[in-house]
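The block underneath contains the structure these notes are about, expressed in structure tokens.
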Amino acid sequence: MMFPSWRDWVFSAKAFLASMMALYIALWFDLPRPYWAMAAVYVVANPLAGATSSKGLYRALGTIIGASAAVFFVPLFVNAPELLALVVALWTGCLLYISMLDRTPRSYVFMLAGYSLPLIALPTVGTPELIFDTAVARTEEIIIGITCATLVGLLIFPSSVGTVLGGRITDWLDDAADWANEILRGEGAIPATPARRQKLAADIAGLDLIISQLSFDAGTRDVTRHARELRGRLMMLLPLFSSLADRLHALKSGDRPLPAKLGALLHEVADWLQSPDAASADAPQRFARTIEELKSADRSENWDHLILSSALARLLEIINLWHDCLALREQIARGQYSGRWRPTFRHRQVVGRTRYYDYAMMLFSSGSVVVATLVASLIWIETGWQSGAGFVMMTAVACSFFAAMDQPAPFIFKMFLWCGVSLIAAFVYQFAILPAISGYEMLVLVFAPSFLLIGLLIPRPQFNMLAMLLTVNTASFVAMQNRLTVDFASFANEAIAAMAGIAFALIWTQVARPFGAEIAARRLVRAGWSDLAETAAGLRRSDHEKLAGRMLDRMGQLVPRLAALEDRYLSEIDGFAEVRLGFNIVAIQRARRHLDGEGQSSVNAVLSGIADLFRQRVVRREAVAPDARLQERIDQALSLPGLQQTMQGRSILDALVGLRRALFPYAPSPKPMDGDIVKTSSPQMLMAAE
């Protein structure tokens, strides 16, 4: 176990200082629930100043929306409790669904607005005339806590988002360079992408969260655009690495050695990728000249020539993208905009930010929260439980917090355990410590040990949720106010209601969502097959960046799930191969209209065969192997005369090579091409396929 660093201590001290400031201000203004201000600090506290500011803003907006809804709905439905329960449940679920559509920190606005309605509205149903005052007080206390957390984060030893982003980018590039080194030196030149390398797509999600917070950090606001450009290029590198590994494997099939000049070039590029001066301006031009010389030197007219041309095209794209990534990293490290940036990689768009959403699963998850909240409310109404509002509130909060996860139950169980620990701590404070002290100074002194120690866990991702639950729940259960009131019956009732609400959420989740990550993984795989079938059939005329963005985002969601599964079939999935397939299909769809009748007929047959293959996979829910007839169609299209005469024809030829390698990586070279194929030595061969 790692001991806390000095940065962890500084952060914990800052969070505690902000919480005590918020509590003092709320007590000074004699607000009804000053502990909400203290708890709000720990909800938004983050080691990064920009992240604290962004989450604070989003929490304020979410609270205001939820409070406004409470003021609107409670007077309308206070005399119809069942109808009010339905409105509260639908509001919570609908806002939760919207939050799932926005996979950025901004989603917190909608999730918080969803469960803020029951938090504010339900405790006041017995006194509806106080709903406006309660909503205003809740908003004031939350904003006080947010303001204190933001000011302390910005003024006292602020930590820049840019510093963390720079470190994450460097780590990602180091992992990518290791993969590239394996490929270029031969060890990783294989058709299938190893699972540990596919994980690089999932790691981009962490970068997305940090990039979304750059605009909230004064020191990095100017480089937000560069960071987004960098993100697109990092994603573009991944299928290119996979494609290059496949082409080099094809060139080495049958234990053949690579041409000496190509081998020397690959080793030189590998050294360059790991060198500290890789961002030098002349490297891409130097490598481009060498690549062009290799293309011109190979005048053969066979299948190996097509593979070599494709490998060299991918290699040049990787070099240009890598140079751009390093240049952008330097811009971000400086933290300021330094004028117009001219990329080296310019021949096509990089991967877009298009995301994939499993709408059915999202609807099911949010729907289960709606039903759980409604059932909990009806239990409260039927039993007439005096503290039933707390029961419904905690049910809604527990279900909402973990609704986006494949298996929420284990996390809700941890919430149940740590909520119990918070109740024990609050009991000790309220009935043993606080009655024995007087004065604000002593209050700070007795709070310091526990909150400072728990605060040390917040910067650690594996303990972040645990620490937040402990701090927020302890502050809330202590219920610190200007005048200390010790009422064991009230404390016990509220504690039982809270624990019962979380327990109900746990039981409900286990019943309503007994499945785990496997069903989500299988749905992601089938969605990819459906995407490819529709693209091949011409139903989706997506461009490169949108299709790649959607497929890579889906793969980023799939890879973490695969690590938790023992399914042999799922563990063998190569997401990058499907991305390459999508790129090649799009390239053919774009260029096929320029072919003559015979050419169009042959290419259409290839696309039709691919569409049928992936439709079969969707229907049969298994990876149906491509048959020999599809391979024959591709080989026939490769033999079409005249493809080399036009740019569109060369694009189709290159894409057909990519399709054949992705679908039949271990098949022998096309027989008609063993001795004679169309000439493709043009230096303008389009780099469109993968």
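Each chain in the structure tokens gets a letter, A, B and so on, in the order shown; residues start at 1 in every chain, and ligands are counted from 1 in the order they appear.
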Exercise. Write out as a PyMOL selection string the residues lying within 12 Å of Asn584 of chain A, counting only C-alpha atoms and excluding same-chain residues fewer than 4 positions away.
Key: chain A and resi 239+243+532+535-536+543-544+547-548+577-580+588-592+606-607+610+651-663+687-690
Practice problem: Kindly indicate which residue among A:Val125, A:Ala404, A:Ala201, A:Ala250 lies nearest to Asp175 of chain A, using only C-alpha atoms for the distances. | Solution: A:Ala201
Self-check item: Minimum-distance residue to Phe413 of chain A, chosen among A:Ile507, A:Leu155, A:Ala425, A:Met555 (using only C-alpha atoms)
Solution: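 Going through A:Ile507, A:Leu155, A:Ala425, A:Met555 one by one, the smallest distance to Phe413 of chain A is for A:Ile507.
The residue that comes closest to Asp208 of chain A, out of A:Leu466, A:Asp553, A:Trp322, A:Ala426 and on the basis of only C-alpha atoms, is A:Asp553.
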Quiz item: So what do you get for atom CA of Gln386 of chain A versus atom CA of Ala403 of chain A, distance-wise?
Solution: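 Atom CA of Gln386 of chain A sits 28.0 Å away from atom CA of Ala403 of chain A.
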Self-check item: Selected residue, from A:Trp28, A:Trp303, A:Phe491, A:Phe11, that lies nearest to Ser669 of chain A when counting only C-alpha atoms
Solution: A:Trp303
Exercise. Write out as a PyMOL selection string all residues of segment 67-304 of chain A that DSSP puts in helix (DSSP H, G or I) for this structure's backbone.
Key: chain A and resi 67-77+81-101+107-124+128-155+161-184+195-211+214-216+221-251+253-255+260-273+283-297+303-304
Quiz item: Can you tell me, as a ChimeraX atom specification, what residues are no more than 12 Å from Arg593 of chain A when counting only C-alpha atoms, ignoring any on the same chain fewer than 5 positions away?
Solution: /A:587-588,598-601,603-604,648-649,652
Could you turn the residues from that selection into a file that holds N, CA and C atoms, as a compact mmCIF listing (two decimals), in the first residue's frame?
```txt
# COMPACT_ATOMS: atom_id res chain seq x y z
N ALA A 587 -14.28 3.49 -48.16
CA ALA A 587 -13.47 3.89 -49.31
C ALA A 587 -14.07 3.36 -50.61
N ILE A 588 -14.53 2.11 -50.61
CA ILE A 588 -15.13 1.53 -51.81
C ILE A 588 -16.46 2.20 -52.13
N GLU A 598 -19.11 -3.37 -65.58
CA GLU A 598 -18.53 -4.61 -65.09
C GLU A 598 -17.83 -4.41 -63.76
N GLY A 599 -17.10 -3.30 -63.63
CA GLY A 599 -16.40 -3.02 -62.38
C GLY A 599 -17.36 -2.81 -61.23
N GLN A 600 -18.42 -2.03 -61.47
CA GLN A 600 -19.41 -1.81 -60.42
C GLN A 600 -20.07 -3.11 -59.99
N SER A 601 -20.37 -3.96 -60.96
CA SER A 601 -21.01 -5.23 -60.64
C SER A 601 -20.11 -6.10 -59.77
N VAL A 603 -17.57 -5.10 -57.77
CA VAL A 603 -17.38 -4.48 -56.45
C VAL A 603 -18.67 -4.59 -55.63
N ASN A 604 -19.81 -4.41 -56.28
CA ASN A 604 -21.08 -4.55 -55.56
C ASN A 604 -21.26 -5.95 -55.01
N GLN A 648 -9.57 7.00 -58.21
CA GLN A 648 -10.64 6.23 -57.58
C GLN A 648 -10.39 4.73 -57.71
N GLY A 649 -9.87 4.31 -58.83
CA GLY A 649 -9.56 2.90 -59.02
C GLY A 649 -8.48 2.42 -58.08
N ILE A 652 -9.95 1.95 -54.69
CA ILE A 652 -10.69 0.69 -54.58
C ILE A 652 -9.74 -0.49 -54.48
```
Exercise. For Asp574 of chain A, list every protein, DNA or RNA residue within 8 Å, evaluated using only C-alpha atoms, and leave out those in the same chain fewer than 4 positions away; present the list as a ChimeraX atom specification.
Key: /A:192-195,198,578
Requested write-out: C-alpha atoms of the selected residues, as a PDB file, in the first residue's frame:
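What ended up in out_7.pdb:
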```pdb
ATOM      1  CA  ALA A 192      -4.640 -10.110 -34.689  1.00  0.00           C
ATOM      2  CA  THR A 193      -4.265  -7.259 -32.222  1.00  0.00           C
ATOM      3  CA  PRO A 194      -3.421  -8.432 -28.662  1.00  0.00           C
ATOM      4  CA  ALA A 195      -6.002  -7.541 -26.000  1.00  0.00           C
ATOM      5  CA  GLN A 198      -6.684  -2.923 -27.686  1.00  0.00           C
ATOM      6  CA  GLU A 578     -13.429  -4.409 -37.698  1.00  0.00           C
TER       7      GLU A 578
END
```
Give me the residues within 12 Å of Ala533 of chain A as a PDB file with C-alpha atoms, in the first residue's frame, counting only C-alpha atoms and dropping any in the same chain fewer than 3 places off.
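The resulting selection04.pdb:
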```pdb
ATOM      1  CA  ARG A 526     -23.433  -7.332 -32.372  1.00  0.00           C
ATOM      2  CA  ALA A 527     -23.799  -3.572 -32.757  1.00  0.00           C
ATOM      3  CA  GLY A 528     -20.423  -3.509 -34.510  1.00  0.00           C
ATOM      4  CA  TRP A 529     -21.535  -6.270 -36.870  1.00  0.00           C
ATOM      5  CA  SER A 530     -24.764  -4.430 -37.600  1.00  0.00           C
ATOM      6  CA  ALA A 536     -21.532  -2.416 -46.729  1.00  0.00           C
ATOM      7  CA  ALA A 537     -25.160  -2.371 -47.891  1.00  0.00           C
ATOM      8  CA  GLY A 538     -24.958   1.388 -48.419  1.00  0.00           C
ATOM      9  CA  LEU A 539     -27.548   2.165 -45.733  1.00  0.00           C
ATOM     10  CA  ARG A 540     -25.063   4.259 -43.743  1.00  0.00           C
ATOM     11  CA  ARG A 541     -23.037   6.631 -45.851  1.00  0.00           C
ATOM     12  CA  GLU A 578     -13.429  -4.409 -37.698  1.00  0.00           C
ATOM     13  CA  LEU A 581     -12.977  -3.246 -42.413  1.00  0.00           C
ATOM     14  CA  GLY A 582     -15.182  -0.213 -41.922  1.00  0.00           C
ATOM     15  CA  ILE A 585     -15.904  -0.387 -47.007  1.00  0.00           C
ATOM     16  CA  VAL A 586     -16.336   3.387 -46.837  1.00  0.00           C
ATOM     17  CA  LEU A 607     -20.047  -5.393 -50.689  1.00  0.00           C
ATOM     18  CA  SER A 608     -23.150  -7.569 -50.868  1.00  0.00           C
ATOM     19  CA  GLY A 609     -21.176 -10.566 -49.616  1.00  0.00           C
ATOM     20  CA  ILE A 610     -19.772  -8.595 -46.692  1.00  0.00           C
ATOM     21  CA  ALA A 611     -23.228  -7.265 -45.799  1.00  0.00           C
ATOM     22  CA  ASP A 612     -24.648 -10.815 -45.879  1.00  0.00           C
ATOM     23  CA  LEU A 613     -21.772 -12.105 -43.718  1.00  0.00           C
ATOM     24  CA  PHE A 614     -22.347  -9.582 -40.942  1.00  0.00           C
ATOM     25  CA  ARG A 615     -26.117  -9.894 -41.139  1.00  0.00           C
ATOM     26  CA  GLN A 616     -25.676 -13.615 -40.524  1.00  0.00           C
ATOM     27  CA  ARG A 617     -23.499 -12.859 -37.518  1.00  0.00           C
ATOM     28  CA  VAL A 618     -26.154 -10.524 -36.113  1.00  0.00           C
ATOM     29  CA  VAL A 619     -28.971 -13.021 -36.636  1.00  0.00           C
TER      30      VAL A 619
END
```
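Considering the residues A:Ala264, A:Leu552, A:Ile120, A:Val624 and counting only C-alpha atoms, Phe583 of chain A has its shortest atom-to-atom contact with A:Leu552.
In this structure, atom CA of Ala67 of chain A sits 28.7 Å away from atom CA of Lys414 of chain A.
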Self-check item: Residue neighbourhood segment 449-453 of chain A, 12 Å, only C-alpha atoms, exclusion window fewer than 3 positions, as an NGL selection string
Solution: :A and (3-4 or 8-20 or 38-39 or 41-42 or 422 or 425-426 or 428-429 or 443-446 or 456-458 or 467-475)
Output for the residues just chosen: C-alpha atoms as a PDB file, in the first residue's frame:
```pdb
ATOM      1  CA  PHE A   3       1.601   6.012   1.777  1.00  0.00           C
ATOM      2  CA  PRO A   4       0.005   9.417   1.118  1.00  0.00           C
ATOM      3  CA  ASP A   8      -2.378  14.193  -0.900  1.00  0.00           C
ATOM      4  CA  TRP A   9      -1.890  15.937   2.441  1.00  0.00           C
ATOM      5  CA  VAL A  10      -2.110  19.367   0.809  1.00  0.00           C
ATOM      6  CA  PHE A  11      -5.298  18.414  -0.998  1.00  0.00           C
ATOM      7  CA  SER A  12      -6.894  16.981   2.144  1.00  0.00           C
ATOM      8  CA  ALA A  13      -5.996  20.117   4.103  1.00  0.00           C
ATOM      9  CA  LYS A  14      -7.452  22.331   1.370  1.00  0.00           C
ATOM     10  CA  ALA A  15     -10.696  20.338   1.268  1.00  0.00           C
ATOM     11  CA  PHE A  16     -11.031  20.461   5.047  1.00  0.00           C
ATOM     12  CA  LEU A  17     -10.303  24.206   5.090  1.00  0.00           C
ATOM     13  CA  ALA A  18     -12.960  24.819   2.432  1.00  0.00           C
ATOM     14  CA  SER A  19     -15.507  22.652   4.283  1.00  0.00           C
ATOM     15  CA  MET A  20     -14.942  24.507   7.548  1.00  0.00           C
ATOM     16  CA  MET A  38     -19.962  21.333   4.330  1.00  0.00           C
ATOM     17  CA  ALA A  39     -20.997  18.182   2.459  1.00  0.00           C
ATOM     18  CA  VAL A  41     -17.353  20.783  -0.573  1.00  0.00           C
ATOM     19  CA  TYR A  42     -16.460  17.106  -0.457  1.00  0.00           C
ATOM     20  CA  SER A 422     -20.683   6.985   8.542  1.00  0.00           C
ATOM     21  CA  ALA A 425     -19.046   8.023  13.215  1.00  0.00           C
ATOM     22  CA  ALA A 426     -21.972  10.458  13.257  1.00  0.00           C
ATOM     23  CA  VAL A 428     -20.097   9.172  18.196  1.00  0.00           C
ATOM     24  CA  TYR A 429     -19.851  12.823  17.185  1.00  0.00           C
ATOM     25  CA  LEU A 443     -15.656  22.099  16.475  1.00  0.00           C
ATOM     26  CA  VAL A 444     -12.900  22.426  13.854  1.00  0.00           C
ATOM     27  CA  LEU A 445     -10.466  20.659  16.170  1.00  0.00           C
ATOM     28  CA  VAL A 446     -12.681  17.597  16.701  1.00  0.00           C
ATOM     29  CA  LEU A 456      -6.345  11.564   1.834  1.00  0.00           C
ATOM     30  CA  LEU A 457      -8.292   8.887  -0.059  1.00  0.00           C
ATOM     31  CA  ILE A 458     -10.139  11.221  -2.433  1.00  0.00           C
ATOM     32  CA  ALA A 467     -14.049   8.656   0.583  1.00  0.00           C
ATOM     33  CA  MET A 468     -16.794  10.853  -0.832  1.00  0.00           C
ATOM     34  CA  LEU A 469     -19.493   8.678   0.743  1.00  0.00           C
ATOM     35  CA  LEU A 470     -17.760   8.752   4.122  1.00  0.00           C
ATOM     36  CA  THR A 471     -17.254  12.516   4.175  1.00  0.00           C
ATOM     37  CA  VAL A 472     -20.624  13.501   2.739  1.00  0.00           C
ATOM     38  CA  ASN A 473     -22.678  11.025   4.768  1.00  0.00           C
ATOM     39  CA  THR A 474     -20.831  11.745   8.011  1.00  0.00           C
ATOM     40  CA  ALA A 475     -21.359  15.494   7.577  1.00  0.00           C
TER      41      ALA A 475
END
```
